[in-house]
Amino acid sequence: GAVVSQHPSRVICKSGTSVKIECRSLDFQATTMFWYRQFPKQSLMLMATSNEGSKATYEQGVEKDKFLINHASLTLSTLTVTSAHPEDSSFYICSASGGPFQETQYFGPGTRLLVL
Amino acid sequence: GQQLNQSPQSMFIQEGEDVSMNCTSSSIFNTWLWYKQEPGEGPVLLIALYKAGELTSNGRLTAQFGITRKDSFLNISASIPSDVGIYFCAGRGAQKLVFGQGTRLTINP
């Protein structure tokens with residue numbers, strides 16, 4: 001299968017600061033990357049879909065100015081949580097598809113964000 | 001948003017027992033995927049199903065893509081302690097995945 005990494009795995013920040021999370025596909029070219037948010041004991045909630053070189057498509061209710069997504073290359077997408085608040089604390093997970101893995105999604109290990 | 005109906009929500013079984021879980025949807029999907037998630041980690045792909053009626057195995061895991069393309073099941077045979085986790089089904093339409101609510105599997109040794 002494909003390998004997707006995320007960095008950092010955990011981050012603690014102060015309210016009002018911005019946090020950047022990186023998602024990388026290590027062994028394939030990811031034409032599409034997805035960003036999810038997961039609350040405790042719940043399923044994954046899609047935040048946005050990002051195609052390489054294009055603007056991200058956000059799901060209804062997700063603020064695009066708060067959650068900035070960049071997919072500048074076929075192996076890297078970034079999610080920036082701007083002016084973070086405690087309610088943004090969550091588990092953020094990216095996934096990638098592309099190349100031989102066009103019809104599936106491989107997930108990164110997730111990033112735990114805690115906003116104080 | 002849209003979700004698949006996954007059942008059961010939780011299972012408490014003895015080591016060595018077989019496990020069965022399923023997902024149903026009111027919509028047709030082109031691909032069904034089964035993932036396992038452990039605490040603090042991202043979901044790991046277990047089985048991918050691409051054709052209606054397809055039956056696929058991965059070790060002790062077996063999954064089937066329903067003929068109507070609206071359902072799928074996952075079976076785990078002879079469960080072992082490392083099978084503990086949350087199992088999610090996901091249906092893929094054009095590009096996005098729609099997830100089930102998950103089945104939390106607990107195994108008593």
# chains A, B, ... in the order shown; residues from 1 in each chain; ligands from 1

call {"tool": "closest_atom_pairs", "arguments": {"of": "chain A", "to": "chain B", "cutoff": "6 Å", "atoms": "only C-alpha atoms", "output": "JSON lines"}}
result
{"residue": "A:Ser43", "atom": "CA", "partner": "B:Gln101", "partner_atom": "CA", "distance": 5.3}
{"residue": "A:Phe107", "atom": "CA", "partner": "B:Gly42", "partner_atom": "CA", "distance": 5.9}
{"residue": "A:Gly108", "atom": "CA", "partner": "B:Gly42", "partner_atom": "CA", "distance": 5.6}
{"residue": "A:Pro109", "atom": "CA", "partner": "B:Gly42", "partner_atom": "CA", "distance": 4.2}
{"residue": "A:Gly110", "atom": "CA", "partner": "B:Gly42", "partner_atom": "CA", "distance": 5.3}

call {"tool": "residues_around", "arguments": {"residues": "Lys20 of chain A", "least_positions_apart": "4", "cutoff": "7 Å", "atoms": "only C-alpha atoms", "output": "PyMOL selection string"}}
result
chain A and resi 78-81

call {"tool": "write_last_selection", "arguments": {"atoms": "C-alpha atoms", "output": "compact mmCIF listing (two decimals), in the first residue's frame"}}
result
# COMPACT_ATOMS: atom_id res chain seq x y z
CA THR A 78 -0.61 21.82 4.03
CA LEU A 79 -3.45 22.82 6.33
CA THR A 80 -3.04 26.06 8.25
CA VAL A 81 -5.40 26.75 11.12

call {"tool": "closest_residue", "arguments": {"among": "B:Gln9, B:Gln14, B:Thr56, B:Ser72", "to": "Asn108 of chain B", "atoms": "only C-alpha atoms"}}
result
B:Gln14

call {"tool": "closest_residue", "arguments": {"among": "A:Glu103, A:Lys64, A:Ser9, A:Ile69", "to": "Lys51 of chain B", "atoms": "only C-alpha atoms"}}
result
A:Glu103

call {"tool": "decode", "arguments": {"residues": "segment 29-44 of chain B", "atoms": "all heavy atoms", "output": "mmCIF file, in the first residue's frame"}}
result
data_model
loop_
_atom_site.group_PDB
_atom_site.id
_atom_site.type_symbol
_atom_site.label_atom_id
_atom_site.label_comp_id
_atom_site.auth_asym_id
_atom_site.auth_seq_id
_atom_site.Cartn_x
_atom_site.Cartn_y
_atom_site.Cartn_z
ATOM 1 N N PHE B 29 -22.583 3.138 -4.560
ATOM 2 C CA PHE B 29 -21.172 3.515 -4.576
ATOM 3 C C PHE B 29 -20.398 2.674 -5.587
ATOM 4 O O PHE B 29 -20.745 1.520 -5.852
ATOM 5 C CB PHE B 29 -20.570 3.346 -3.180
ATOM 6 C CG PHE B 29 -21.063 4.364 -2.200
ATOM 7 C CD1 PHE B 29 -22.004 4.022 -1.237
ATOM 8 C CD2 PHE B 29 -20.610 5.669 -2.256
ATOM 9 C CE1 PHE B 29 -22.484 4.977 -0.350
ATOM 10 C CE2 PHE B 29 -21.073 6.624 -1.355
ATOM 11 C CZ PHE B 29 -22.013 6.273 -0.406
ATOM 12 N N ASN B 30 -19.346 3.270 -6.131
ATOM 13 C CA ASN B 30 -18.498 2.573 -7.096
ATOM 14 C C ASN B 30 -17.436 1.725 -6.427
ATOM 15 O O ASN B 30 -16.905 0.788 -7.019
ATOM 16 C CB ASN B 30 -17.804 3.593 -8.011
ATOM 17 C CG ASN B 30 -18.803 4.397 -8.810
ATOM 18 O OD1 ASN B 30 -19.823 3.878 -9.249
ATOM 19 N ND2 ASN B 30 -18.525 5.675 -8.993
ATOM 20 N N THR B 31 -17.075 2.114 -5.207
ATOM 21 C CA THR B 31 -16.024 1.437 -4.460
ATOM 22 C C THR B 31 -16.426 1.383 -2.995
ATOM 23 O O THR B 31 -16.994 2.344 -2.480
ATOM 24 C CB THR B 31 -14.686 2.207 -4.578
ATOM 25 O OG1 THR B 31 -14.347 2.382 -5.950
ATOM 26 C CG2 THR B 31 -13.562 1.456 -3.875
ATOM 27 N N TRP B 32 -16.151 0.243 -2.363
ATOM 28 C CA TRP B 32 -16.344 0.128 -0.911
ATOM 29 C C TRP B 32 -14.971 -0.153 -0.299
ATOM 30 O O TRP B 32 -14.202 -0.973 -0.812
ATOM 31 C CB TRP B 32 -17.291 -1.011 -0.569
ATOM 32 C CG TRP B 32 -18.741 -0.668 -0.724
ATOM 33 C CD1 TRP B 32 -19.497 -0.810 -1.854
ATOM 34 C CD2 TRP B 32 -19.621 -0.143 0.270
ATOM 35 N NE1 TRP B 32 -20.783 -0.394 -1.626
ATOM 36 C CE2 TRP B 32 -20.897 0.016 -0.320
ATOM 37 C CE3 TRP B 32 -19.460 0.208 1.617
ATOM 38 C CZ2 TRP B 32 -21.995 0.505 0.379
ATOM 39 C CZ3 TRP B 32 -20.561 0.694 2.308
ATOM 40 C CH2 TRP B 32 -21.811 0.842 1.688
ATOM 41 N N LEU B 33 -14.709 0.542 0.792
ATOM 42 C CA LEU B 33 -13.438 0.385 1.478
ATOM 43 C C LEU B 33 -13.692 0.084 2.949
ATOM 44 O O LEU B 33 -14.663 0.574 3.533
ATOM 45 C CB LEU B 33 -12.613 1.686 1.363
ATOM 46 C CG LEU B 33 -12.377 2.211 -0.058
ATOM 47 C CD1 LEU B 33 -11.806 3.619 -0.011
ATOM 48 C CD2 LEU B 33 -11.464 1.291 -0.822
ATOM 49 N N TRP B 34 -12.816 -0.715 3.510
ATOM 50 C CA TRP B 34 -12.874 -0.999 4.950
ATOM 51 C C TRP B 34 -11.557 -0.572 5.583
ATOM 52 O O TRP B 34 -10.483 -0.929 5.094
ATOM 53 C CB TRP B 34 -13.140 -2.478 5.213
ATOM 54 C CG TRP B 34 -14.565 -2.866 4.965
ATOM 55 C CD1 TRP B 34 -15.107 -3.341 3.803
ATOM 56 C CD2 TRP B 34 -15.641 -2.787 5.905
ATOM 57 N NE1 TRP B 34 -16.462 -3.551 3.963
ATOM 58 C CE2 TRP B 34 -16.808 -3.229 5.243
ATOM 59 C CE3 TRP B 34 -15.738 -2.388 7.250
ATOM 60 C CZ2 TRP B 34 -18.052 -3.291 5.880
ATOM 61 C CZ3 TRP B 34 -16.969 -2.446 7.874
ATOM 62 C CH2 TRP B 34 -18.116 -2.894 7.192
ATOM 63 N N TYR B 35 -11.656 0.199 6.673
ATOM 64 C CA TYR B 35 -10.496 0.704 7.388
ATOM 65 C C TYR B 35 -10.550 0.270 8.843
ATOM 66 O O TYR B 35 -11.613 0.051 9.397
ATOM 67 C CB TYR B 35 -10.465 2.242 7.368
ATOM 68 C CG TYR B 35 -10.206 2.882 6.029
ATOM 69 C CD1 TYR B 35 -11.254 3.192 5.170
ATOM 70 C CD2 TYR B 35 -8.916 3.191 5.627
ATOM 71 C CE1 TYR B 35 -11.024 3.798 3.949
ATOM 72 C CE2 TYR B 35 -8.663 3.815 4.404
ATOM 73 C CZ TYR B 35 -9.733 4.105 3.568
ATOM 74 O OH TYR B 35 -9.492 4.715 2.358
ATOM 75 N N LYS B 36 -9.364 0.217 9.453
ATOM 76 C CA LYS B 36 -9.271 -0.003 10.898
ATOM 77 C C LYS B 36 -8.505 1.176 11.501
ATOM 78 O O LYS B 36 -7.475 1.603 10.959
ATOM 79 C CB LYS B 36 -8.524 -1.300 11.206
ATOM 80 C CG LYS B 36 -8.361 -1.560 12.707
ATOM 81 C CD LYS B 36 -7.462 -2.758 12.960
ATOM 82 C CE LYS B 36 -7.260 -2.942 14.457
ATOM 83 N NZ LYS B 36 -6.246 -4.003 14.747
ATOM 84 N N GLN B 37 -9.027 1.696 12.606
ATOM 85 C CA GLN B 37 -8.364 2.800 13.278
ATOM 86 C C GLN B 37 -8.090 2.438 14.726
ATOM 87 O O GLN B 37 -8.980 1.972 15.432
ATOM 88 C CB GLN B 37 -9.209 4.077 13.210
ATOM 89 C CG GLN B 37 -8.500 5.307 13.758
ATOM 90 C CD GLN B 37 -9.321 6.568 13.639
ATOM 91 O OE1 GLN B 37 -10.550 6.538 13.617
ATOM 92 N NE2 GLN B 37 -8.655 7.722 13.548
ATOM 93 N N GLU B 38 -6.856 2.664 15.146
ATOM 94 C CA GLU B 38 -6.494 2.459 16.544
ATOM 95 C C GLU B 38 -6.347 3.823 17.209
ATOM 96 O O GLU B 38 -6.184 4.842 16.531
ATOM 97 C CB GLU B 38 -5.223 1.634 16.631
ATOM 98 C CG GLU B 38 -5.410 0.249 16.008
ATOM 99 C CD GLU B 38 -4.261 -0.699 16.260
ATOM 100 O OE1 GLU B 38 -3.574 -0.536 17.283
ATOM 101 O OE2 GLU B 38 -4.058 -1.607 15.437
ATOM 102 N N PRO B 39 -6.439 3.868 18.530
ATOM 103 C CA PRO B 39 -6.431 5.158 19.248
ATOM 104 C C PRO B 39 -5.242 6.035 18.877
ATOM 105 O O PRO B 39 -4.099 5.574 18.872
ATOM 106 C CB PRO B 39 -6.380 4.731 20.717
ATOM 107 C CG PRO B 39 -7.011 3.389 20.738
ATOM 108 C CD PRO B 39 -6.592 2.724 19.451
ATOM 109 N N GLY B 40 -5.520 7.286 18.545
ATOM 110 C CA GLY B 40 -4.460 8.248 18.266
ATOM 111 C C GLY B 40 -3.779 8.067 16.925
ATOM 112 O O GLY B 40 -2.742 8.699 16.673
ATOM 113 N N GLU B 41 -4.343 7.230 16.054
ATOM 114 C CA GLU B 41 -3.729 7.005 14.749
ATOM 115 C C GLU B 41 -4.729 7.229 13.628
ATOM 116 O O GLU B 41 -5.930 7.318 13.853
ATOM 117 C CB GLU B 41 -3.181 5.576 14.674
ATOM 118 C CG GLU B 41 -2.109 5.294 15.718
ATOM 119 C CD GLU B 41 -1.558 3.883 15.605
ATOM 120 O OE1 GLU B 41 -1.820 3.214 14.587
ATOM 121 O OE2 GLU B 41 -0.858 3.466 16.536
ATOM 122 N N GLY B 42 -4.207 7.316 12.415
ATOM 123 C CA GLY B 42 -5.088 7.451 11.272
ATOM 124 C C GLY B 42 -5.631 6.092 10.842
ATOM 125 O O GLY B 42 -5.090 5.049 11.219
ATOM 126 N N PRO B 43 -6.718 6.074 10.073
ATOM 127 C CA PRO B 43 -7.274 4.809 9.590
ATOM 128 C C PRO B 43 -6.307 4.095 8.647
ATOM 129 O O PRO B 43 -5.627 4.735 7.841
ATOM 130 C CB PRO B 43 -8.541 5.241 8.837
ATOM 131 C CG PRO B 43 -8.856 6.603 9.355
ATOM 132 C CD PRO B 43 -7.543 7.224 9.674
ATOM 133 N N VAL B 44 -6.274 2.779 8.745
ATOM 134 C CA VAL B 44 -5.436 1.962 7.879
ATOM 135 C C VAL B 44 -6.343 1.154 6.965
ATOM 136 O O VAL B 44 -7.285 0.503 7.435
ATOM 137 C CB VAL B 44 -4.548 1.019 8.722
ATOM 138 C CG1 VAL B 44 -3.788 0.058 7.820
ATOM 139 C CG2 VAL B 44 -3.579 1.834 9.567
#
